Amino acid sequence: METEPLLTGDTNGRSVDYGSRPRNGNLCEENVKARRLSYSATGDSCCIDWDNEGLHIKQAFVFIEDAIQYRSINHRVDSRSLWLYRWYYSRICQWGLGVIIAVILALAFIERPSSLSATSDPRYKQPPWEPPCGLTESLEMICYVIFTLDLTVKCYLIGWDEFRKSKWLIGYTVVLAGSVIDWMLSLTMDCNESLRIRRLFRPFFLLQNSSLMKKTLKCIKRTLPEIASVILLLALHLCLFTMFGMLLFNRGEDAEKNEEWKVYFRNLPQSLTSLLVLLTTANNPDVMIPAYTLNRGYSIFFILFSGFGTYFLMNLLTAIIYNQFRGYLLMSVQTSILRRRLGIRAAYEVLCSTAQGTPSAEEHVEGVPVQTFLQVMKRVQMKSYYRQVIIMKAQQFPEGHIPLEAFQKLFDELDKDWIREHPPLPQYSSPFLQRLQFIFSHYYVTVAGNIMALANMVCICAILLADSSKPVSERDDYALAAVNCFFIVFYLLEMVLKIFAFGWKGYLSYRSNIFDGLMTVLLLAFQISIFAMYRFPHPHWNPALRGLLSLWEMVRLVNMIIVFRFLRIIPNIKLMALVASTLVDLVKNLRAFAGILVVVYYVYAVLGIWLFEGAIPAPGNSSMITNTSAGNYSMECGTYEQLGYWPNNFDDFAASLVLLYNIMVVNNWQVFMDAYSRYTTGWSKVYFVSWWLTSSVMWVNLFVALILENFIFKWDRSHESTVSEMERTRFRTTVQLMFREHIQEPTEEELMSQLHQHPHLHLNQ
């Protein structure tokens, strides 16, 4: 995942006079007289002064770090600014900023209305703890101060001219100012204001801190006009069938045949809502039953509507969303690749010019001196295994210089998979021990362990099935505890023998062994606890020895760990291992896409609280039920009240998130829409429909499409690998690599043009 660049959009900087340029576009490999270039480190620009060699080393490794993280290089390059730049992008600083963002987002859970209660059901909900005025406000102000420092550092590093070009940084300033103003208004009202506008601003802090999230949001914005035609066709389809439905199921003289009209097609809003919900299949086949009861021919109307709308238009909409979004995402990824190539090229020019500027330099320099490059690589913050590979390849140049093409190819290692080598097996002098080592290091030992784990699962299922209908007093805790004890001894023996065969380092070099060993240690700890409290389980164990947990509860905990331990089979089945690694990669590398969904959830939850807090009163609280709400109260089958959906409400932030998730799943989402339209106004349906379109139609389908893209990408790279090779290979799966084959490499002219337009690095002959 990318870290936040200081600039967004195009990588072009401010165009200034940078002096003459070599004909071939290469500043290093041009035959020139020995010369001295000058650098001044004052103001907004930096001119090369080769008397200070340390500055060039700092510039080079910062440019390389920018390339690794896909960051823009258009920042100040004097020594003091480079130190501040590296400090800002250090792990501790970025993690600290992430914690501050998480804190300000989490304040919604404890602010009024507080979510600190055991249940959200208004029938049983106790008054939650409300923070005193000034507590959350103090935390907010601390966050705002840190955000102000963050904004100040960014503005300083890129300069005023670049700040004015960045819409995100300008928006950052406006959001901070608006939040502080709203914060001061809260204090003047003793924290009793009905609306806190700054709550809607908080997700912006999460957005602006991630480059990929900003690109994703930009791609979504550009995608919306492209799908307008399909949305219009979908709306036309819905309106036409609504008209047909109202004509087809019009009110007749026979009251017994008006059930369809009464429930689903009484008026235009109700007809539109019924068919819109049918588009999501949430009310199928309920919506057609009254008419279908009268005549089976009525089913044709509903089949045509859902068949064309649900299975054609909705899937077509998903395809168009993904296709258009993918195209715009390719453009953004193209910019990321340009940033990487530009950072590498900038480092090359700086290091190569250093060699040309030294008094002992010859008139023609072949490239970057190897020793200088090695000195830079030791300072670069990157994965150690990639550093080792790059250094090893750099040392293979016999002439002592690295030419441009080879310099660029060195960093192609960043896109390659890392093959992890396991430590060598320990050496035993005894032939007997060597034979045992050969046996217990064999793959079939793992297979045998998986078979025993499966047998343990079967035993647990059989005993649970036999005890399912028995009361607690008649359950055979002894049998299940004795079976688990036997298998735990086997698991412990397996772990010890593997450690003997592979050694400690070799055993821990397998991720599956780490998981298996941890589960085995936990099982052993629980089994020892059972022995300590109940002695060895037997049919007539003494209940007087009962501890904090009963034997049955202890055994249940052991069973849960055993079931979880069964996941050890995943690395040994290729397809399952591929699916599991895909999910892990999604968590690591596609967090930006989930981050946008978090932002949307947050905004809609805040809006939901503003619009619907306390709209549905508890059924037992007659004092809260007004005349209007009493008339809206319904115990008809399938309604909010009859289904007991009371915990699903907008009375606090946590409950709002759960309710929004339930609507996104679209199972019975019409129940919530109907309830809030009855208790508030019919216009409340706009809120629920917009959330359904945003979350379920657009974002979830897009996220599923990206999961498929990720899986296909990994499948194409791993289908020729064996299970053991996949276990040793750390496949790199980033958004840039997923679309790598569709991206064009920037030309030499593009790179040099971008480099000459750097706003702070002036290269003059």
# chains A, B, ... in the order shown; residues from 1 in each chain; ligands from 1
$ select_by_dssp --residues "range 366-395 of chain A" --states "helix (DSSP H, G or I)" --output "JSON, numbers by chain"
{"A": [370, 371, 372, 373, 374, 375, 376, 377, 384, 385, 386, 387, 388, 389, 390, 391, 392, 393, 394]}
$ write_last_selection --atoms "C-alpha atoms" --output "PDB file, in the first residue's frame"
ATOM      1  CA  VAL A 370      29.593   1.041  -7.074  1.00  0.00           C
ATOM      2  CA  GLN A 371      31.045   2.096  -3.729  1.00  0.00           C
ATOM      3  CA  THR A 372      28.891   5.222  -3.660  1.00  0.00           C
ATOM      4  CA  PHE A 373      25.819   3.183  -4.540  1.00  0.00           C
ATOM      5  CA  LEU A 374      26.548   0.681  -1.767  1.00  0.00           C
ATOM      6  CA  GLN A 375      26.940   3.539   0.687  1.00  0.00           C
ATOM      7  CA  VAL A 376      23.502   4.833  -0.327  1.00  0.00           C
ATOM      8  CA  MET A 377      21.814   1.431  -0.140  1.00  0.00           C
ATOM      9  CA  SER A 384      16.298  -6.381   4.153  1.00  0.00           C
ATOM     10  CA  TYR A 385      15.993  -9.219   1.638  1.00  0.00           C
ATOM     11  CA  TYR A 386      15.500  -6.803  -1.274  1.00  0.00           C
ATOM     12  CA  ARG A 387      18.436  -4.730  -0.051  1.00  0.00           C
ATOM     13  CA  GLN A 388      20.654  -7.818   0.022  1.00  0.00           C
ATOM     14  CA  VAL A 389      19.701  -8.853  -3.504  1.00  0.00           C
ATOM     15  CA  ILE A 390      20.259  -5.356  -4.922  1.00  0.00           C
ATOM     16  CA  ILE A 391      23.627  -4.984  -3.167  1.00  0.00           C
ATOM     17  CA  MET A 392      24.726  -8.427  -4.334  1.00  0.00           C
ATOM     18  CA  LYS A 393      23.911  -7.607  -7.959  1.00  0.00           C
ATOM     19  CA  ALA A 394      25.558  -4.174  -7.722  1.00  0.00           C
TER      20      ALA A 394
END
$ residues_around --residues "Tyr292 in chain A" --least-positions-apart "3" --cutoff "12 Å" --atoms "only C-alpha atoms" --output "list in words"
Phe249, Lys257, Glu259, Glu260, Pro285, Asp286, Val287, Met288, Ile289, Asn295, Arg296, Gly297, Tyr298, Ser299, Ile300, Phe301, Phe302 and Ile303 of chain A
$ write_last_selection --atoms "all heavy atoms" --output "compact mmCIF listing (two decimals), in the first residue's frame"
# COMPACT_ATOMS: atom_id res chain seq x y z
N PHE A 249 -52.83 -4.26 -11.19
CA PHE A 249 -53.35 -4.61 -9.87
C PHE A 249 -54.16 -3.45 -9.29
O PHE A 249 -54.04 -3.11 -8.11
CB PHE A 249 -52.20 -4.99 -8.93
CG PHE A 249 -51.30 -6.06 -9.47
CD1 PHE A 249 -49.99 -5.78 -9.81
CD2 PHE A 249 -51.78 -7.34 -9.66
CE1 PHE A 249 -49.17 -6.76 -10.31
CE2 PHE A 249 -50.96 -8.33 -10.16
CZ PHE A 249 -49.66 -8.04 -10.50
N LYS A 257 -60.23 -9.67 -3.74
CA LYS A 257 -59.23 -9.73 -4.80
C LYS A 257 -58.34 -8.49 -4.82
O LYS A 257 -57.57 -8.31 -5.77
CB LYS A 257 -59.91 -9.91 -6.15
CG LYS A 257 -60.70 -11.21 -6.28
CD LYS A 257 -61.32 -11.33 -7.66
CE LYS A 257 -62.09 -12.65 -7.79
NZ LYS A 257 -62.70 -12.80 -9.13
N GLU A 259 -56.07 -7.71 -2.45
CA GLU A 259 -54.96 -7.86 -1.49
C GLU A 259 -53.65 -7.35 -2.08
O GLU A 259 -52.86 -6.69 -1.40
CB GLU A 259 -54.83 -9.32 -1.08
CG GLU A 259 -53.87 -9.55 0.08
CD GLU A 259 -54.37 -8.96 1.38
OE1 GLU A 259 -55.60 -8.75 1.51
OE2 GLU A 259 -53.53 -8.69 2.26
N GLU A 260 -53.37 -7.65 -3.34
CA GLU A 260 -52.14 -7.18 -3.99
C GLU A 260 -52.12 -5.66 -4.04
O GLU A 260 -51.08 -5.03 -3.78
CB GLU A 260 -52.04 -7.75 -5.40
CG GLU A 260 -50.73 -7.46 -6.11
CD GLU A 260 -49.57 -8.28 -5.57
OE1 GLU A 260 -49.79 -9.43 -5.15
OE2 GLU A 260 -48.44 -7.77 -5.54
N PRO A 285 -40.70 -14.45 -2.64
CA PRO A 285 -41.86 -14.24 -3.51
C PRO A 285 -43.04 -13.57 -2.83
O PRO A 285 -44.17 -13.63 -3.34
CB PRO A 285 -42.22 -15.66 -3.90
CG PRO A 285 -41.92 -16.45 -2.66
CD PRO A 285 -40.73 -15.77 -2.01
N ASP A 286 -42.81 -12.93 -1.66
CA ASP A 286 -43.94 -12.36 -0.91
C ASP A 286 -44.76 -11.39 -1.75
O ASP A 286 -45.99 -11.36 -1.65
CB ASP A 286 -43.41 -11.65 0.34
CG ASP A 286 -42.70 -12.61 1.28
OD1 ASP A 286 -42.80 -13.83 1.05
OD2 ASP A 286 -42.04 -12.16 2.22
N VAL A 287 -44.05 -10.58 -2.57
CA VAL A 287 -44.74 -9.53 -3.30
C VAL A 287 -45.72 -10.08 -4.33
O VAL A 287 -46.69 -9.41 -4.70
CB VAL A 287 -43.70 -8.59 -3.96
CG1 VAL A 287 -42.99 -9.30 -5.10
CG2 VAL A 287 -44.36 -7.32 -4.46
N MET A 288 -45.49 -11.29 -4.80
CA MET A 288 -46.35 -11.83 -5.85
C MET A 288 -47.39 -12.82 -5.33
O MET A 288 -48.28 -13.22 -6.08
CB MET A 288 -45.50 -12.53 -6.91
CG MET A 288 -44.75 -13.76 -6.41
SD MET A 288 -43.74 -14.55 -7.69
CE MET A 288 -45.03 -15.32 -8.66
N ILE A 289 -47.33 -13.21 -4.08
CA ILE A 289 -48.22 -14.25 -3.57
C ILE A 289 -49.70 -13.87 -3.65
O ILE A 289 -50.54 -14.67 -4.10
CB ILE A 289 -47.82 -14.63 -2.13
CG1 ILE A 289 -46.47 -15.37 -2.15
CG2 ILE A 289 -48.89 -15.52 -1.48
CD1 ILE A 289 -46.47 -16.64 -2.97
N ASN A 295 -54.39 -15.95 -9.76
CA ASN A 295 -54.17 -16.41 -11.13
C ASN A 295 -52.68 -16.61 -11.33
O ASN A 295 -51.89 -15.69 -11.12
CB ASN A 295 -54.72 -15.39 -12.13
CG ASN A 295 -54.77 -15.94 -13.55
OD1 ASN A 295 -53.89 -16.69 -13.97
ND2 ASN A 295 -55.82 -15.57 -14.28
N ARG A 296 -52.29 -17.79 -11.77
CA ARG A 296 -50.88 -18.09 -11.97
C ARG A 296 -50.26 -17.23 -13.08
O ARG A 296 -49.05 -17.08 -13.15
CB ARG A 296 -50.69 -19.58 -12.26
CG ARG A 296 -51.25 -20.02 -13.60
CD ARG A 296 -50.98 -21.51 -13.85
NE ARG A 296 -51.82 -22.34 -13.01
CZ ARG A 296 -51.36 -23.38 -12.32
NH1 ARG A 296 -50.09 -23.68 -12.39
NH2 ARG A 296 -52.18 -24.09 -11.59
N GLY A 297 -51.09 -16.67 -13.95
CA GLY A 297 -50.55 -15.83 -15.02
C GLY A 297 -49.91 -14.55 -14.51
O GLY A 297 -49.06 -13.97 -15.20
N TYR A 298 -50.31 -14.08 -13.34
CA TYR A 298 -49.71 -12.87 -12.78
C TYR A 298 -48.21 -13.05 -12.50
O TYR A 298 -47.48 -12.06 -12.40
CB TYR A 298 -50.42 -12.47 -11.49
CG TYR A 298 -51.78 -11.85 -11.71
CD1 TYR A 298 -52.91 -12.36 -11.06
CD2 TYR A 298 -51.94 -10.77 -12.55
CE1 TYR A 298 -54.16 -11.79 -11.26
CE2 TYR A 298 -53.19 -10.19 -12.75
CZ TYR A 298 -54.30 -10.71 -12.12
OH TYR A 298 -55.54 -10.14 -12.32
N SER A 299 -47.79 -14.28 -12.36
CA SER A 299 -46.37 -14.51 -12.07
C SER A 299 -45.48 -14.05 -13.22
O SER A 299 -44.30 -13.74 -13.02
CB SER A 299 -46.12 -15.99 -11.78
OG SER A 299 -46.43 -16.78 -12.93
N ILE A 300 -46.02 -14.00 -14.44
CA ILE A 300 -45.22 -13.57 -15.60
C ILE A 300 -44.74 -12.14 -15.40
O ILE A 300 -43.60 -11.80 -15.75
CB ILE A 300 -46.06 -13.70 -16.89
CG1 ILE A 300 -46.46 -15.16 -17.10
CG2 ILE A 300 -45.29 -13.17 -18.09
CD1 ILE A 300 -47.37 -15.37 -18.30
N PHE A 301 -45.59 -11.28 -14.87
CA PHE A 301 -45.21 -9.88 -14.63
C PHE A 301 -43.98 -9.80 -13.72
O PHE A 301 -43.00 -9.09 -14.02
CB PHE A 301 -46.40 -9.14 -14.01
CG PHE A 301 -46.06 -7.76 -13.50
CD1 PHE A 301 -46.03 -6.69 -14.37
CD2 PHE A 301 -45.77 -7.55 -12.15
CE1 PHE A 301 -45.72 -5.42 -13.90
CE2 PHE A 301 -45.46 -6.30 -11.68
CZ PHE A 301 -45.43 -5.22 -12.56
N PHE A 302 -44.01 -10.51 -12.62
CA PHE A 302 -42.91 -10.44 -11.65
C PHE A 302 -41.65 -11.14 -12.17
O PHE A 302 -40.53 -10.68 -11.92
CB PHE A 302 -43.36 -11.06 -10.32
CG PHE A 302 -44.50 -10.34 -9.69
CD1 PHE A 302 -45.81 -10.81 -9.82
CD2 PHE A 302 -44.29 -9.18 -8.97
CE1 PHE A 302 -46.87 -10.15 -9.23
CE2 PHE A 302 -45.36 -8.51 -8.38
CZ PHE A 302 -46.65 -8.99 -8.51
N ILE A 303 -41.82 -12.22 -12.92
CA ILE A 303 -40.66 -12.92 -13.48
C ILE A 303 -39.97 -12.06 -14.52
O ILE A 303 -38.73 -11.97 -14.57
CB ILE A 303 -41.09 -14.27 -14.07
CG1 ILE A 303 -41.54 -15.22 -12.95
CG2 ILE A 303 -39.97 -14.90 -14.88
CD1 ILE A 303 -42.14 -16.52 -13.45
$ residues_around --residues "His442 in chain A" --least-positions-apart "4" --cutoff "12 Å" --atoms "only C-alpha atoms" --output "number ranges by chain"
A: 435-438, 446-449, 497-498, 501-502
$ residues_around --residues "Val700 in chain A" --least-positions-apart "3" --cutoff "12 Å" --atoms "only C-alpha atoms" --output "short mmCIF file (atom, residue, chain, number, x, y, z; two decimals) with all heavy atoms, in the first residue's frame"
data_model
loop_
_atom_site.label_atom_id
_atom_site.label_comp_id
_atom_site.auth_asym_id
_atom_site.auth_seq_id
_atom_site.Cartn_x
_atom_site.Cartn_y
_atom_site.Cartn_z
N THR A 318 -22.96 -3.73 -12.70
CA THR A 318 -21.73 -4.15 -12.00
C THR A 318 -20.56 -4.24 -12.96
O THR A 318 -19.45 -3.78 -12.65
CB THR A 318 -21.96 -5.51 -11.32
OG1 THR A 318 -23.04 -5.42 -10.40
CG2 THR A 318 -20.70 -5.97 -10.60
N ILE A 321 -19.48 -0.68 -13.96
CA ILE A 321 -18.78 -0.04 -12.84
C ILE A 321 -17.35 -0.55 -12.75
O ILE A 321 -16.39 0.24 -12.67
CB ILE A 321 -19.53 -0.30 -11.52
CG1 ILE A 321 -20.84 0.46 -11.48
CG2 ILE A 321 -18.66 0.09 -10.32
CD1 ILE A 321 -21.69 0.14 -10.28
N TYR A 322 -17.18 -1.85 -12.81
CA TYR A 322 -15.84 -2.41 -12.68
C TYR A 322 -14.96 -2.03 -13.87
O TYR A 322 -13.80 -1.66 -13.70
CB TYR A 322 -15.92 -3.93 -12.55
CG TYR A 322 -14.57 -4.59 -12.58
CD1 TYR A 322 -13.62 -4.32 -11.59
CD2 TYR A 322 -14.22 -5.49 -13.59
CE1 TYR A 322 -12.38 -4.91 -11.61
CE2 TYR A 322 -12.98 -6.08 -13.61
CZ TYR A 322 -12.06 -5.79 -12.62
OH TYR A 322 -10.83 -6.37 -12.65
N PHE A 593 -9.36 0.38 -0.48
CA PHE A 593 -10.72 0.18 -0.94
C PHE A 593 -11.68 -0.03 0.24
O PHE A 593 -12.79 0.50 0.25
CB PHE A 593 -10.77 -1.02 -1.89
CG PHE A 593 -9.88 -0.86 -3.08
CD1 PHE A 593 -8.62 -1.42 -3.09
CD2 PHE A 593 -10.29 -0.13 -4.17
CE1 PHE A 593 -7.78 -1.26 -4.18
CE2 PHE A 593 -9.47 0.04 -5.26
CZ PHE A 593 -8.21 -0.52 -5.28
N ALA A 594 -11.24 -0.79 1.22
CA ALA A 594 -12.06 -0.94 2.42
C ALA A 594 -12.14 0.38 3.18
O ALA A 594 -13.15 0.67 3.83
CB ALA A 594 -11.49 -2.04 3.30
N ILE A 596 -12.40 3.39 1.94
CA ILE A 596 -13.47 4.20 1.37
C ILE A 596 -14.82 3.74 1.92
O ILE A 596 -15.70 4.55 2.23
CB ILE A 596 -13.47 4.10 -0.16
CG1 ILE A 596 -12.14 4.61 -0.73
CG2 ILE A 596 -14.63 4.89 -0.75
CD1 ILE A 596 -11.93 6.08 -0.58
N LEU A 597 -14.99 2.43 2.05
CA LEU A 597 -16.23 1.90 2.60
C LEU A 597 -16.42 2.34 4.05
O LEU A 597 -17.53 2.65 4.49
CB LEU A 597 -16.25 0.38 2.49
CG LEU A 597 -17.58 -0.32 2.81
CD1 LEU A 597 -18.67 0.17 1.88
CD2 LEU A 597 -17.43 -1.83 2.72
N VAL A 600 -17.67 5.89 3.98
CA VAL A 600 -19.08 5.96 3.62
C VAL A 600 -19.95 5.51 4.79
O VAL A 600 -20.99 6.13 5.10
CB VAL A 600 -19.36 5.12 2.36
CG1 VAL A 600 -20.84 5.11 2.03
CG2 VAL A 600 -18.56 5.64 1.18
N TYR A 661 -25.13 -2.09 8.01
CA TYR A 661 -24.64 -3.36 7.47
C TYR A 661 -25.81 -4.27 7.10
O TYR A 661 -25.79 -4.92 6.06
CB TYR A 661 -23.74 -4.05 8.50
CG TYR A 661 -23.34 -5.44 8.08
CD1 TYR A 661 -22.32 -5.64 7.15
CD2 TYR A 661 -23.98 -6.56 8.60
CE1 TYR A 661 -21.96 -6.91 6.74
CE2 TYR A 661 -23.63 -7.83 8.19
CZ TYR A 661 -22.61 -8.00 7.27
OH TYR A 661 -22.27 -9.27 6.87
N MET A 664 -27.13 -3.19 3.89
CA MET A 664 -26.22 -3.50 2.80
C MET A 664 -26.36 -4.96 2.36
O MET A 664 -26.25 -5.27 1.17
CB MET A 664 -24.77 -3.23 3.22
CG MET A 664 -23.75 -3.40 2.12
SD MET A 664 -22.07 -3.06 2.67
CE MET A 664 -21.77 -4.46 3.74
N VAL A 665 -26.64 -5.84 3.30
CA VAL A 665 -26.85 -7.25 2.98
C VAL A 665 -28.16 -7.45 2.21
O VAL A 665 -28.33 -8.46 1.52
CB VAL A 665 -26.84 -8.09 4.27
CG1 VAL A 665 -27.13 -9.55 4.00
CG2 VAL A 665 -25.49 -7.96 4.97
N VAL A 666 -29.09 -6.49 2.30
CA VAL A 666 -30.38 -6.40 1.62
C VAL A 666 -31.34 -7.51 2.00
O VAL A 666 -32.34 -7.71 1.32
CB VAL A 666 -30.26 -6.33 0.07
CG1 VAL A 666 -29.44 -5.15 -0.35
CG2 VAL A 666 -29.74 -7.63 -0.52
N TRP A 691 -28.31 4.69 0.36
CA TRP A 691 -27.32 3.81 1.00
C TRP A 691 -27.21 2.48 0.29
O TRP A 691 -26.13 1.94 0.11
CB TRP A 691 -27.68 3.60 2.47
CG TRP A 691 -26.88 2.53 3.13
CD1 TRP A 691 -27.31 1.33 3.58
CD2 TRP A 691 -25.47 2.57 3.39
NE1 TRP A 691 -26.28 0.59 4.10
CE2 TRP A 691 -25.13 1.33 4.00
CE3 TRP A 691 -24.47 3.50 3.17
CZ2 TRP A 691 -23.83 1.03 4.38
CZ3 TRP A 691 -23.17 3.19 3.56
CH2 TRP A 691 -22.87 1.98 4.16
N TRP A 692 -28.35 1.94 -0.15
CA TRP A 692 -28.32 0.68 -0.89
C TRP A 692 -27.55 0.83 -2.19
O TRP A 692 -26.73 -0.02 -2.55
CB TRP A 692 -29.75 0.22 -1.18
CG TRP A 692 -29.83 -0.87 -2.20
CD1 TRP A 692 -29.46 -2.17 -2.05
CD2 TRP A 692 -30.31 -0.75 -3.54
NE1 TRP A 692 -29.67 -2.87 -3.21
CE2 TRP A 692 -30.20 -2.02 -4.15
CE3 TRP A 692 -30.83 0.31 -4.28
CZ2 TRP A 692 -30.57 -2.25 -5.47
CZ3 TRP A 692 -31.21 0.09 -5.59
CH2 TRP A 692 -31.08 -1.18 -6.18
N LEU A 693 -27.77 1.93 -2.92
CA LEU A 693 -27.05 2.15 -4.18
C LEU A 693 -25.56 2.32 -3.93
O LEU A 693 -24.73 1.78 -4.67
CB LEU A 693 -27.61 3.40 -4.88
CG LEU A 693 -28.97 3.26 -5.57
CD1 LEU A 693 -29.47 4.62 -6.04
CD2 LEU A 693 -28.87 2.30 -6.74
N THR A 694 -25.22 3.07 -2.88
CA THR A 694 -23.81 3.34 -2.62
C THR A 694 -23.06 2.11 -2.14
O THR A 694 -21.96 1.80 -2.63
CB THR A 694 -23.68 4.46 -1.57
OG1 THR A 694 -24.37 5.62 -2.04
CG2 THR A 694 -22.22 4.81 -1.33
N SER A 695 -23.64 1.40 -1.20
CA SER A 695 -22.91 0.29 -0.57
C SER A 695 -23.07 -1.01 -1.33
O SER A 695 -22.09 -1.63 -1.75
CB SER A 695 -23.40 0.11 0.87
OG SER A 695 -24.79 -0.21 0.90
N SER A 696 -24.30 -1.43 -1.53
CA SER A 696 -24.54 -2.76 -2.09
C SER A 696 -24.34 -2.81 -3.59
O SER A 696 -23.72 -3.75 -4.11
CB SER A 696 -25.95 -3.22 -1.73
OG SER A 696 -26.20 -4.52 -2.21
N VAL A 697 -24.85 -1.80 -4.31
CA VAL A 697 -24.77 -1.84 -5.76
C VAL A 697 -23.38 -1.49 -6.25
O VAL A 697 -22.79 -2.22 -7.05
CB VAL A 697 -25.82 -0.88 -6.38
CG1 VAL A 697 -25.64 -0.78 -7.88
CG2 VAL A 697 -27.22 -1.37 -6.05
N PHE A 703 -15.77 -4.13 -4.92
CA PHE A 703 -14.82 -4.83 -4.06
C PHE A 703 -14.75 -6.31 -4.43
O PHE A 703 -13.66 -6.90 -4.44
CB PHE A 703 -15.26 -4.67 -2.60
CG PHE A 703 -14.17 -4.98 -1.61
CD1 PHE A 703 -13.06 -4.18 -1.52
CD2 PHE A 703 -14.27 -6.07 -0.76
CE1 PHE A 703 -12.06 -4.46 -0.61
CE2 PHE A 703 -13.28 -6.36 0.15
CZ PHE A 703 -12.17 -5.54 0.23
N VAL A 704 -15.88 -6.91 -4.76
CA VAL A 704 -15.88 -8.31 -5.20
C VAL A 704 -15.09 -8.45 -6.51
O VAL A 704 -14.32 -9.41 -6.68
CB VAL A 704 -17.33 -8.81 -5.37
CG1 VAL A 704 -17.35 -10.16 -6.08
CG2 VAL A 704 -18.01 -8.92 -4.02
N ALA A 705 -15.27 -7.51 -7.41
CA ALA A 705 -14.53 -7.57 -8.67
C ALA A 705 -13.03 -7.47 -8.43
O ALA A 705 -12.23 -8.16 -9.09
CB ALA A 705 -15.00 -6.45 -9.60
N LEU A 706 -12.61 -6.65 -7.49
CA LEU A 706 -11.18 -6.53 -7.20
C LEU A 706 -10.65 -7.78 -6.50
O LEU A 706 -9.50 -8.15 -6.68
CB LEU A 706 -10.94 -5.29 -6.33
CG LEU A 706 -11.15 -3.97 -7.06
CD1 LEU A 706 -11.13 -2.81 -6.08
CD2 LEU A 706 -10.08 -3.78 -8.11
N ILE A 707 -11.50 -8.44 -5.71
CA ILE A 707 -11.09 -9.72 -5.12
C ILE A 707 -10.82 -10.73 -6.24
O ILE A 707 -9.82 -11.46 -6.22
CB ILE A 707 -12.17 -10.24 -4.16
CG1 ILE A 707 -12.24 -9.37 -2.91
CG2 ILE A 707 -11.91 -11.69 -3.77
CD1 ILE A 707 -13.36 -9.77 -1.97
#
$ closest_residue --among "A:Pro617, A:Leu313, A:Tyr444, A:Lys221" --to "Tyr679 in chain A" --atoms "only C-alpha atoms"
A:Pro617
$ residues_around --residues "Leu176 in chain A" --least-positions-apart "2" --cutoff "9 Å" --atoms "only C-alpha atoms" --output "MDAnalysis selection string"
chainID A and resid 144 147:148 171:174 178:181 201
$ write_last_selection --atoms "N, CA, C and O atoms" --output "short mmCIF file (atom, residue, chain, number, x, y, z; two decimals), in the first residue's frame"
data_model
loop_
_atom_site.label_atom_id
_atom_site.label_comp_id
_atom_site.auth_asym_id
_atom_site.auth_seq_id
_atom_site.Cartn_x
_atom_site.Cartn_y
_atom_site.Cartn_z
N TYR A 144 -6.58 17.91 16.70
CA TYR A 144 -6.52 19.03 15.76
C TYR A 144 -5.14 19.69 15.78
O TYR A 144 -4.65 20.13 14.73
N PHE A 147 -2.97 17.45 13.75
CA PHE A 147 -3.28 17.60 12.33
C PHE A 147 -2.73 18.93 11.79
O PHE A 147 -2.30 19.00 10.64
N THR A 148 -2.75 19.97 12.61
CA THR A 148 -2.20 21.25 12.19
C THR A 148 -0.69 21.15 11.97
O THR A 148 -0.15 21.69 10.99
N GLY A 171 -8.17 21.58 0.93
CA GLY A 171 -9.32 21.01 1.63
C GLY A 171 -8.97 20.65 3.07
O GLY A 171 -9.81 20.80 3.97
N TYR A 172 -7.75 20.15 3.29
CA TYR A 172 -7.28 19.84 4.65
C TYR A 172 -7.36 21.08 5.52
O TYR A 172 -7.83 21.03 6.68
N THR A 173 -6.91 22.21 4.98
CA THR A 173 -6.93 23.47 5.73
C THR A 173 -8.36 23.89 6.06
O THR A 173 -8.67 24.29 7.19
N VAL A 174 -9.25 23.80 5.07
CA VAL A 174 -10.64 24.22 5.27
C VAL A 174 -11.33 23.32 6.31
O VAL A 174 -12.05 23.80 7.19
N GLY A 178 -12.89 24.57 9.80
CA GLY A 178 -14.31 24.35 10.11
C GLY A 178 -14.50 23.52 11.36
O GLY A 178 -15.42 23.79 12.16
N SER A 179 -13.66 22.52 11.56
CA SER A 179 -13.77 21.68 12.74
C SER A 179 -13.48 22.46 14.02
O SER A 179 -14.16 22.30 15.04
N VAL A 180 -12.45 23.30 13.97
CA VAL A 180 -12.10 24.09 15.15
C VAL A 180 -13.22 25.08 15.48
O VAL A 180 -13.56 25.29 16.66
N ILE A 181 -13.82 25.69 14.46
CA ILE A 181 -14.91 26.63 14.70
C ILE A 181 -16.10 25.91 15.34
O ILE A 181 -16.70 26.39 16.32
N PHE A 201 -16.85 15.85 9.08
CA PHE A 201 -15.53 16.18 8.54
C PHE A 201 -14.47 15.13 8.89
O PHE A 201 -13.43 15.06 8.22
#
$ closest_residue --among "A:Asp66, A:Glu399, A:Glu193, A:Glu137" --to "Trp610 in chain A" --atoms "only C-alpha atoms"
A:Glu193
$ closest_residue --among "A:Leu139, A:Gln670, A:Leu611, A:Asn513" --to "Tyr264 in chain A" --atoms "only C-alpha atoms"
A:Gln670
$ residues_around --residues "Phe244 in chain A" --least-positions-apart "3" --cutoff "12 Å" --atoms "only C-alpha atoms" --output "list in words"
His237, Leu238, Cys239, Leu240, Phe241, Leu247, Leu248, Phe249, Asn250, Phe265, Leu268, Ser271, Leu272, Leu275, Tyr298, Phe301, Phe302, Leu304 and Phe305 of chain A
$ closest_residue --among "A:Val496, A:Cys133, A:Leu454, A:Leu523" --to "Asn484 in chain A" --atoms "only C-alpha atoms"
A:Leu523
